file target.csv (CSV, C-alpha atoms)
chain,number,residue,atom,x,y,z
A,1,PHE,CA,-120.6,95.6,-58.7
A,2,ARG,CA,-118.0,96.9,-61.2
A,3,ASN,CA,-114.3,97.0,-60.9
A,4,ILE,CA,-111.6,97.9,-63.4
A,5,CYS,CA,-108.0,96.8,-63.4
A,6,SER,CA,-105.2,97.1,-65.9
A,7,ILE,CA,-102.8,94.4,-67.0
A,8,GLN,CA,-99.7,94.6,-69.2
A,9,ASN,CA,-100.4,94.6,-72.9
A,10,GLY,CA,-104.1,94.7,-72.4
A,11,ALA,CA,-107.0,95.9,-70.3
A,12,MET,CA,-109.2,93.7,-68.1
A,13,LEU,CA,-112.7,94.8,-67.4
A,14,SER,CA,-114.5,92.9,-64.7
A,15,ARG,CA,-118.2,92.9,-64.0
A,16,ARG,CA,-120.6,90.4,-62.6
A,17,LEU,CA,-123.3,89.4,-65.0
A,18,PHE,CA,-126.3,87.0,-64.9
A,19,PRO,CA,-125.5,83.5,-66.2
A,20,LEU,CA,-125.2,83.2,-70.0
A,21,ALA,CA,-124.5,79.7,-71.2
A,22,SER,CA,-125.2,77.9,-67.9
A,23,LYS,CA,-126.9,78.7,-64.6
A,24,SER,CA,-123.7,77.5,-62.9
A,25,LEU,CA,-121.6,80.2,-64.5
A,26,GLN,CA,-121.2,83.9,-64.0
A,27,ARG,CA,-119.0,85.7,-66.4
A,28,ARG,CA,-116.5,88.6,-66.3
A,29,ALA,CA,-115.7,90.1,-69.7
A,30,ILE,CA,-112.1,90.5,-70.8
A,31,SER,CA,-110.9,92.8,-73.6
A,32,HIS,CA,-107.7,91.8,-75.2
A,33,LYS,CA,-105.7,92.9,-78.3
A,34,ALA,CA,-106.9,90.1,-80.5
A,35,PRO,CA,-109.7,89.3,-83.0
A,36,ALA,CA,-113.1,89.5,-81.4
A,37,HIS,CA,-113.7,85.8,-81.7
A,38,GLN,CA,-113.8,83.6,-78.6
A,39,LYS,CA,-111.8,80.5,-79.2
A,40,VAL,CA,-110.9,79.6,-75.6
A,41,ARG,CA,-112.6,79.4,-72.2
A,42,ILE,CA,-111.3,80.6,-68.9
A,43,LEU,CA,-112.9,79.4,-65.7
A,44,LYS,CA,-112.3,80.5,-62.1
A,45,SER,CA,-113.4,78.9,-58.9
A,46,THR,CA,-115.0,81.0,-56.1
A,47,THR,CA,-114.5,78.3,-53.4
A,48,ASN,CA,-111.4,77.1,-51.5
A,49,ASP,CA,-112.9,73.7,-50.6
A,50,PRO,CA,-110.2,71.3,-52.0
A,51,LEU,CA,-112.6,68.4,-52.5
A,52,PHE,CA,-115.2,70.5,-54.3
A,53,ASN,CA,-112.5,72.0,-56.5
A,54,LEU,CA,-111.2,68.6,-57.4
A,55,ALA,CA,-114.7,67.5,-58.2
A,56,THR,CA,-115.2,70.7,-60.3
A,57,GLU,CA,-112.0,69.9,-62.2
A,58,GLU,CA,-113.2,66.4,-62.9
A,59,TRP,CA,-116.6,67.7,-64.1
A,60,ILE,CA,-114.9,70.2,-66.4
A,61,PHE,CA,-112.6,67.4,-67.7
A,62,SER,CA,-115.4,64.9,-68.4
A,63,GLU,CA,-118.3,67.2,-69.5
A,64,MET,CA,-117.0,70.2,-71.3
A,65,ASP,CA,-116.4,70.6,-75.0
A,66,THR,CA,-112.6,70.5,-75.7
A,67,SER,CA,-112.9,72.0,-79.1
A,68,LYS,CA,-111.9,75.3,-77.3
A,69,PRO,CA,-108.8,75.1,-75.0
A,70,ILE,CA,-109.8,75.6,-71.4
A,71,LEU,CA,-107.9,77.3,-68.5
A,72,PHE,CA,-109.2,76.6,-65.0
A,73,LEU,CA,-107.9,78.7,-62.1
A,74,TRP,CA,-108.3,77.8,-58.5
A,75,ARG,CA,-106.7,77.5,-55.0
A,76,ASN,CA,-107.4,75.6,-51.9
A,77,ALA,CA,-107.6,76.0,-48.1
A,78,PRO,CA,-104.9,74.0,-46.3
A,79,THR,CA,-104.8,70.5,-47.7
A,80,VAL,CA,-102.5,67.7,-48.6
A,81,VAL,CA,-103.2,66.2,-52.0
A,82,ILE,CA,-101.7,62.8,-52.7
A,83,GLY,CA,-101.3,61.0,-56.0
A,84,ALA,CA,-103.7,58.2,-57.2
A,85,TYR,CA,-101.4,55.4,-56.0
A,86,GLN,CA,-99.8,56.9,-52.9
A,87,ASN,CA,-99.9,55.7,-49.3
A,88,PRO,CA,-101.2,58.6,-47.1
A,89,TRP,CA,-99.7,57.1,-43.9
A,90,LYS,CA,-96.3,57.2,-45.5
A,91,GLU,CA,-96.6,60.6,-47.2
A,92,CYS,CA,-98.5,62.5,-44.5
A,93,ASN,CA,-98.6,63.1,-40.8
A,94,ILE,CA,-102.3,62.0,-40.5
A,95,GLN,CA,-102.6,62.6,-36.8
A,96,GLN,CA,-101.3,66.2,-37.1
A,97,MET,CA,-103.5,66.9,-40.0
A,98,GLU,CA,-106.6,65.7,-38.1
A,99,GLN,CA,-105.7,67.9,-35.1
A,100,ASP,CA,-105.2,71.0,-37.4
A,101,ARG,CA,-108.2,70.2,-39.6
A,102,VAL,CA,-106.1,69.9,-42.7
A,103,THR,CA,-107.9,68.0,-45.5
A,104,LEU,CA,-106.5,64.9,-47.1
A,105,ALA,CA,-107.4,64.7,-50.7
A,106,ARG,CA,-106.5,62.1,-53.4
A,107,ARG,CA,-106.4,63.2,-57.0
A,108,LYS,CA,-107.0,60.9,-59.9
A,109,SER,CA,-103.7,61.7,-61.6
A,110,GLY,CA,-100.3,60.4,-60.6
A,111,GLY,CA,-97.3,62.1,-59.1
A,112,GLY,CA,-96.3,62.9,-55.5
A,113,ALA,CA,-97.8,64.4,-52.4
A,114,VAL,CA,-98.2,68.2,-52.2
A,115,TYR,CA,-99.2,70.6,-49.4
A,116,GLN,CA,-101.5,73.4,-50.6
A,117,ASP,CA,-102.9,76.5,-49.0
A,118,LEU,CA,-104.1,80.0,-50.2
A,119,GLY,CA,-100.5,80.9,-51.0
A,120,ASN,CA,-100.5,78.2,-53.7
A,121,PHE,CA,-101.7,78.9,-57.2
A,122,ILE,CA,-103.4,76.0,-59.1
A,123,PHE,CA,-103.9,75.9,-62.8
A,124,THR,CA,-105.6,73.3,-65.1
A,125,PHE,CA,-105.1,73.3,-68.9
A,126,LEU,CA,-107.7,71.2,-70.8
A,127,ASN,CA,-107.4,70.4,-74.5
A,128,SER,CA,-108.6,67.9,-77.1
A,129,ARG,CA,-106.1,65.1,-77.6
A,130,GLN,CA,-105.4,66.4,-81.1
A,131,ASP,CA,-104.6,69.9,-79.9
A,132,TYR,CA,-102.8,69.0,-76.7
A,133,SER,CA,-99.2,70.4,-76.3
A,134,GLN,CA,-97.4,70.1,-73.0
A,135,ASP,CA,-94.6,72.3,-74.2
A,136,ARG,CA,-97.1,75.0,-75.2
A,137,ASN,CA,-98.6,74.9,-71.7
A,138,TYR,CA,-95.2,75.2,-70.1
A,139,GLU,CA,-94.3,78.1,-72.3
A,140,ILE,CA,-97.5,80.0,-71.2
A,141,LEU,CA,-96.4,79.5,-67.6
A,142,LYS,CA,-92.8,80.5,-68.3
A,143,ARG,CA,-93.8,83.7,-70.1
A,144,ALA,CA,-96.3,84.7,-67.3
A,145,ILE,CA,-93.6,84.3,-64.7
A,146,ALA,CA,-90.9,86.0,-66.8
A,147,ARG,CA,-93.0,89.2,-66.7
A,148,PHE,CA,-91.9,89.4,-63.1
A,149,GLY,CA,-88.2,89.2,-64.0
A,150,ILE,CA,-88.0,85.5,-63.0
A,151,ASN,CA,-86.3,83.1,-65.4
A,152,ALA,CA,-87.9,79.7,-64.8
A,153,GLN,CA,-86.5,76.5,-66.1
A,154,PHE,CA,-88.0,73.1,-66.7
A,155,THR,CA,-86.5,70.0,-65.1
A,156,GLY,CA,-87.3,66.3,-64.8
A,157,ARG,CA,-90.7,65.2,-66.0
A,158,ASN,CA,-92.9,67.8,-64.5
A,159,ASP,CA,-91.1,70.4,-62.4
A,160,MET,CA,-90.3,74.1,-62.8
A,161,VAL,CA,-87.4,75.6,-60.9
A,162,VAL,CA,-85.4,78.8,-60.3
A,163,ASP,CA,-81.7,78.3,-59.5
A,164,ASN,CA,-82.5,74.6,-58.8
A,165,ARG,CA,-85.2,75.4,-56.3
A,166,LYS,CA,-88.6,74.0,-57.2
A,167,PHE,CA,-91.7,76.2,-57.3
A,168,SER,CA,-94.0,74.2,-59.5
A,169,GLY,CA,-95.0,70.6,-60.2
A,170,SER,CA,-97.5,69.2,-62.6
A,171,ALA,CA,-99.4,66.0,-63.3
A,172,TYR,CA,-101.3,64.8,-66.3
A,173,LYS,CA,-104.4,62.8,-67.3
A,174,LEU,CA,-105.0,61.5,-70.8
A,175,THR,CA,-108.1,59.8,-72.4
A,176,ALA,CA,-109.0,58.9,-75.9
A,177,ASP,CA,-110.2,62.4,-76.9
A,178,ARG,CA,-108.9,64.8,-74.2
A,179,CYS,CA,-105.9,65.7,-72.1
A,180,MET,CA,-105.5,67.5,-68.8
A,181,HIS,CA,-102.3,69.2,-67.5
A,182,HIS,CA,-102.7,70.6,-64.0
A,183,GLY,CA,-100.2,71.8,-61.5
A,184,THR,CA,-99.3,74.2,-58.7
A,185,ILE,CA,-97.2,77.3,-58.4
A,186,LEU,CA,-95.8,78.4,-55.0
A,187,VAL,CA,-96.5,82.1,-54.6
A,188,ASN,CA,-96.5,82.5,-50.8
A,189,LEU,CA,-96.9,79.0,-49.4
A,190,ASP,CA,-96.5,78.3,-45.7
A,191,LYS,CA,-93.3,76.3,-45.9
A,192,GLU,CA,-93.3,75.4,-42.2
A,193,ALA,CA,-96.8,73.8,-42.7
A,194,ALA,CA,-95.5,71.8,-45.6
A,195,THR,CA,-92.7,70.4,-43.5
A,196,LYS,CA,-95.2,69.8,-40.7
A,197,TYR,CA,-97.6,67.7,-42.7
A,198,LEU,CA,-95.5,66.0,-45.4
A,199,ASN,CA,-93.0,63.2,-45.5
A,200,VAL,CA,-93.0,62.0,-42.0
A,201,ASN,CA,-90.6,59.1,-41.4
A,202,LYS,CA,-92.5,56.2,-40.0
A,203,GLU,CA,-90.9,53.7,-37.6
A,204,LYS,CA,-90.1,50.5,-39.4
A,205,LEU,CA,-92.5,51.1,-42.2
A,206,LYS,CA,-92.3,49.0,-45.3
A,207,SER,CA,-94.3,50.1,-48.3
A,208,LYS,CA,-95.0,49.4,-51.9
A,209,GLY,CA,-96.2,53.0,-52.4
A,210,VAL,CA,-94.7,55.7,-54.7
A,211,ASP,CA,-92.2,57.9,-52.9
A,212,SER,CA,-92.7,61.7,-53.2
A,213,VAL,CA,-89.6,63.6,-54.5
A,214,ARG,CA,-88.1,65.7,-51.7
A,215,GLN,CA,-86.6,68.9,-53.1
A,216,ARG,CA,-85.9,72.4,-51.8
A,217,ILE,CA,-88.7,74.7,-52.7
A,218,VAL,CA,-89.0,78.5,-53.2
A,219,ASN,CA,-92.0,80.9,-53.1
A,220,LEU,CA,-91.9,83.2,-56.1
A,221,SER,CA,-92.9,86.1,-53.9
A,222,GLU,CA,-89.4,85.7,-52.3
A,223,LEU,CA,-87.9,86.5,-55.7
A,224,ASN,CA,-90.3,89.4,-56.5
A,225,ALA,CA,-92.6,90.9,-53.9
A,226,ASP,CA,-94.8,92.2,-56.7
A,227,LEU,CA,-95.7,88.6,-57.7
A,228,THR,CA,-98.9,88.1,-55.8
A,229,TYR,CA,-101.7,85.6,-56.4
A,230,ASP,CA,-103.9,88.2,-58.2
A,231,ALA,CA,-100.9,89.5,-60.2
A,232,LEU,CA,-100.0,86.0,-61.4
A,233,ASN,CA,-103.6,85.3,-62.2
A,234,ALA,CA,-103.8,88.3,-64.4
A,235,THR,CA,-100.5,87.6,-66.3
A,236,LEU,CA,-101.3,84.0,-66.8
A,237,VAL,CA,-104.7,84.8,-68.3
A,238,ASP,CA,-103.1,87.4,-70.6
A,239,GLU,CA,-100.4,84.9,-71.8
A,240,PHE,CA,-103.1,82.2,-72.4
A,241,LEU,CA,-105.1,84.6,-74.5
A,242,LYS,CA,-102.0,85.7,-76.4
A,243,THR,CA,-101.0,82.1,-77.2
A,244,TYR,CA,-104.4,81.4,-78.8
A,245,ASP,CA,-104.8,84.9,-80.3
A,246,ALA,CA,-108.1,85.0,-78.6
A,247,THR,CA,-110.7,87.1,-76.7
A,248,ALA,CA,-112.5,85.4,-73.9
A,249,GLU,CA,-114.7,85.9,-70.9
A,250,ILE,CA,-113.6,84.7,-67.4
A,251,GLU,CA,-116.4,82.5,-66.3
A,252,VAL,CA,-116.7,82.7,-62.5
A,253,LEU,CA,-118.0,79.4,-61.2
A,254,ASP,CA,-120.7,80.0,-58.6
A,255,HIS,CA,-120.2,77.5,-55.8
A,256,SER,CA,-123.9,77.4,-54.7
A,257,GLN,CA,-125.1,76.8,-58.3
A,258,LEU,CA,-122.5,74.2,-59.0
A,259,GLN,CA,-123.7,72.2,-56.0
A,260,ALA,CA,-127.0,71.7,-57.8
A,261,ILE,CA,-125.4,69.9,-60.8
A,262,ASP,CA,-126.0,66.1,-60.3
A,263,LYS,CA,-122.9,65.0,-62.1
A,264,LEU,CA,-120.6,67.3,-60.2
A,265,LYS,CA,-122.2,66.3,-56.9
A,266,LYS,CA,-121.5,62.7,-57.9
A,267,PHE,CA,-117.8,63.6,-58.4
A,268,TYR,CA,-117.7,65.4,-55.1
A,269,ASP,CA,-119.1,62.4,-53.3
A,270,GLU,CA,-116.4,60.3,-54.9
A,271,TYR,CA,-113.6,62.6,-53.8
A,272,ASN,CA,-115.0,63.0,-50.3
A,273,ASN,CA,-115.5,59.2,-49.9
A,274,TRP,CA,-113.2,57.8,-47.1
A,275,ASP,CA,-112.5,54.7,-49.2
A,276,TRP,CA,-111.2,56.9,-52.0
A,277,ARG,CA,-109.1,59.2,-49.9
A,278,PHE,CA,-107.6,56.6,-47.5
A,279,GLY,CA,-108.5,53.2,-48.9
A,280,ARG,CA,-106.7,53.3,-52.3
A,281,THR,CA,-103.3,52.6,-50.6
A,282,PRO,CA,-100.8,49.9,-51.2
A,283,SER,CA,-100.5,47.0,-48.8
A,284,PHE,CA,-97.9,47.6,-46.1
A,285,GLU,CA,-96.5,46.2,-42.9
A,286,HIS,CA,-96.3,48.5,-39.9
A,287,ASN,CA,-94.3,47.4,-36.9
A,288,LEU,CA,-94.8,49.4,-33.7
A,289,GLU,CA,-92.8,48.7,-30.5
A,290,THR,CA,-92.7,50.3,-27.1
A,291,ARG,CA,-92.4,49.5,-23.4
A,292,PHE,CA,-94.9,50.3,-20.8
A,293,ASP,CA,-94.6,49.7,-17.1
A,294,TRP,CA,-96.8,46.7,-17.5
A,295,GLY,CA,-95.0,45.1,-20.4
A,296,ILE,CA,-93.4,45.3,-23.9
A,297,ILE,CA,-95.7,45.8,-26.9
A,298,ASP,CA,-94.5,44.6,-30.2
A,299,LEU,CA,-97.3,45.1,-32.7
A,300,TYR,CA,-97.5,44.1,-36.4
A,301,ILE,CA,-100.3,45.5,-38.6
A,302,ASN,CA,-101.1,44.4,-42.2
A,303,SER,CA,-103.2,47.0,-43.9
A,304,GLU,CA,-104.8,47.3,-47.3
A,305,LYS,CA,-107.2,49.9,-48.7
A,306,GLY,CA,-107.2,51.8,-45.4
A,307,ARG,CA,-108.3,48.9,-43.3
A,308,ILE,CA,-106.5,46.6,-40.8
A,309,LEU,CA,-106.5,43.1,-42.3
A,310,ASP,CA,-104.5,41.3,-39.7
A,311,VAL,CA,-102.8,42.0,-36.4
A,312,LYS,CA,-100.1,40.2,-34.5
A,313,LEU,CA,-99.3,41.4,-31.0
A,314,TYR,CA,-96.4,40.2,-28.9
A,315,SER,CA,-96.0,41.2,-25.3
A,316,ASP,CA,-94.6,40.1,-22.0
A,317,THR,CA,-97.5,41.5,-20.1
A,318,LEU,CA,-99.0,39.4,-17.3
A,319,TYR,CA,-102.4,40.0,-18.7
A,320,PRO,CA,-102.7,37.9,-22.0
A,321,LYS,CA,-106.4,38.8,-22.4
A,322,LEU,CA,-105.2,42.4,-23.2
A,323,VAL,CA,-103.3,40.9,-26.1
A,324,GLU,CA,-106.1,38.7,-27.3
A,325,GLU,CA,-108.8,41.4,-27.1
A,326,THR,CA,-106.6,44.0,-28.8
A,327,GLN,CA,-105.8,41.8,-31.7
A,328,LYS,CA,-109.5,40.9,-32.2
A,329,ALA,CA,-110.8,44.4,-31.9
A,330,LEU,CA,-108.3,46.0,-34.3
A,331,LYS,CA,-108.8,43.5,-37.1
A,332,GLY,CA,-111.2,44.9,-39.7
A,333,GLU,CA,-111.2,48.5,-38.3
A,334,THR,CA,-110.2,51.5,-40.3
A,335,TYR,CA,-106.6,52.5,-39.9
A,336,ASP,CA,-107.1,55.9,-38.5
A,337,SER,CA,-107.7,57.5,-35.1
A,338,ALA,CA,-111.5,56.9,-35.2
A,339,GLY,CA,-111.0,53.2,-36.0
A,340,ILE,CA,-108.4,52.7,-33.2
A,341,SER,CA,-110.7,54.5,-30.7
A,342,ARG,CA,-113.6,52.2,-31.6
A,343,ALA,CA,-111.4,49.1,-31.2
A,344,MET,CA,-110.0,50.2,-27.9
A,345,ASP,CA,-113.5,51.0,-26.6
A,346,LYS,CA,-114.3,47.3,-27.3
A,347,VAL,CA,-111.2,46.2,-25.4
A,348,SER,CA,-112.2,48.4,-22.4
A,349,VAL,CA,-115.6,46.6,-22.3
A,350,ALA,CA,-114.0,43.2,-22.6
A,351,LEU,CA,-111.5,43.9,-19.8
A,352,ALA,CA,-113.9,45.8,-17.5
A,353,GLY,CA,-113.2,45.0,-13.8
A,354,THR,CA,-109.7,43.6,-14.4
A,355,PRO,CA,-106.4,45.3,-13.7
A,356,ALA,CA,-105.7,45.4,-17.4
A,357,GLU,CA,-108.6,47.8,-18.0
A,358,ALA,CA,-106.4,50.6,-16.7
A,359,PHE,CA,-103.8,50.0,-19.4
A,360,VAL,CA,-106.2,50.5,-22.3
A,361,PRO,CA,-106.1,54.3,-22.4
A,362,GLN,CA,-102.3,54.3,-22.5
A,363,LEU,CA,-102.4,51.8,-25.4
A,364,ARG,CA,-105.0,53.8,-27.3
A,365,ASP,CA,-103.1,57.1,-26.9
A,366,TRP,CA,-99.8,55.4,-28.0
A,367,LEU,CA,-101.4,53.8,-31.1
A,368,ILE,CA,-103.0,57.0,-32.2
A,369,SER,CA,-99.8,58.9,-31.8
A,370,LYS,CA,-98.1,56.5,-34.2
A,371,LEU,CA,-100.5,57.2,-37.1

call {"tool": "encode", "arguments": {"input": "target.csv", "output": "structure tokens"}}
result
Amino acid sequence: FRNICSIQNGAMLSRRLFPLASKSLQRRAISHKAPAHQKVRILKSTTNDPLFNLATEEWIFSEMDTSKPILFLWRNAPTVVIGAYQNPWKECNIQQMEQDRVTLARRKSGGGAVYQDLGNFIFTFLNSRQDYSQDRNYEILKRAIARFGINAQFTGRNDMVVDNRKFSGSAYKLTADRCMHHGTILVNLDKEAATKYLNVNKEKLKSKGVDSVRQRIVNLSELNADLTYDALNATLVDEFLKTYDATAEIEVLDHSQLQAIDKLKKFYDEYNNWDWRFGRTPSFEHNLETRFDWGIIDLYINSEKGRILDVKLYSDTLYPKLVEETQKALKGETYDSAGISRAMDKVSVALAGTPAEAFVPQLRDWLISKL
């Protein structure tokens, strides 16, 4: 196919080509008012799979030559992405996410928890350590947004705001020879969904985890209806090229071909691994208390790396075997709805034929509702 679109201070010509440098890449040529020497790379994802996109970003970071600055553009289907050292049970409503099929992803950089959907623009700058400039990257972003009449400001360590309302946050990853700066820009994010899945107050939860900063947010489309995902994509690419006085080709990353790359598949398996997404969490003590018709339940759970290490259950129930079997079954299980269901199935078997067997479904439903 062939499509032509214009952008301010330059023209963008898009056409799909056969792979040039790699079988995993398809390229779209860009003409820009600059010397005809390609000094940068611009990559764009064609999938909205958050785990695959994170794996692709990791592959780009670890494998690609950083002698040329790289800009990677992508966006995700509904997902909550947490920082490397955050506690998902504190930061997210895990039960609601499971019901709504919202992905939980853990990135390898620090920072707080963010909700993402197709109204969220994601960028990644990659440079050599010698050429890296965080200020330069922020200026590229600021100029791209200013072309829509929006005066963005930097605040704190990693936020961009308009009138003290946050629309962008960033995180960073540095190694001996390369640096990555990635972040999000709210274009038309579902704010209600963000409230629904993030920052749920847990009952009597004590944690050593890193708290996410809670701030008022704004979608840039609220400030200028002409600022769409595609429009911002075009202006950011243009400002990136201007900054480096460069001409480049947008390299459209073909999802099906990327799947055949062994190293990228390895990264995907890591990001998709349950132990990575849920298991890398700080130790915490979770105290749950309620009253059923058949007795009080006062439950204490010690958890680490997404698994229940120890359980102490207090109750005035007349059926102590319910307490004994519940403690035994929960210990060692994964701290999620599937693990609790497996544990309570074991309790049902142990209590089969006793009056307490009828209490197990109530206890299971209550425990899962408290995730």

call {"tool": "atom_distance", "arguments": {"input": "target.csv", "atom1": "atom CA of Tyr229 of chain A", "atom2": "atom CA of Asn53 of chain A"}}
result
17.4 Å

call {"tool": "closest_residue", "arguments": {"input": "target.csv", "among": "A:Ser315, A:Ser128, A:Ser170, A:Thr195", "to": "Met97 of chain A", "atoms": "all atoms listed in the file"}}
result
A:Thr195

call {"tool": "axis_aligned_box", "arguments": {"input": "target.csv", "around": "segment 142-161 of chain A", "padding_each_side": "3 Å", "output": "JSON"}}
result
{"center_x": -91.3, "center_y": 77.3, "center_z": -65.5, "size_x": 16.0, "size_y": 30.2, "size_z": 15.2}

call {"tool": "closest_residue", "arguments": {"input": "target.csv", "among": "A:Asp49, A:Glu304, A:Asp298, A:Glu325", "to": "Leu367 of chain A", "atoms": "all atoms listed in the file"}}
result
A:Asp298

call {"tool": "closest_residue", "arguments": {"input": "target.csv", "among": "A:Ile250, A:Val187, A:Leu318, A:Ala144", "to": "Asp238 of chain A", "atoms": "all atoms listed in the file"}}
result
A:Ala144

call {"tool": "residues_around", "arguments": {"input": "target.csv", "residues": "Trp274 of chain A", "least_positions_apart": "2", "cutoff": "12 Å", "atoms": "all atoms listed in the file", "output": "number ranges by chain"}}
result
A: 51, 103-106, 268-272, 276-281, 305-307, 334-336

call {"tool": "closest_residue", "arguments": {"input": "target.csv", "among": "A:Val252, A:Leu118, A:Ile150, A:Ala338", "to": "Asp190 of chain A", "atoms": "all atoms listed in the file"}}
result
A:Leu118

call {"tool": "atom_distance", "arguments": {"input": "target.csv", "atom1": "atom CA of Leu264 of chain A", "atom2": "atom CA of Ile60 of chain A"}}
result
8.9 Å
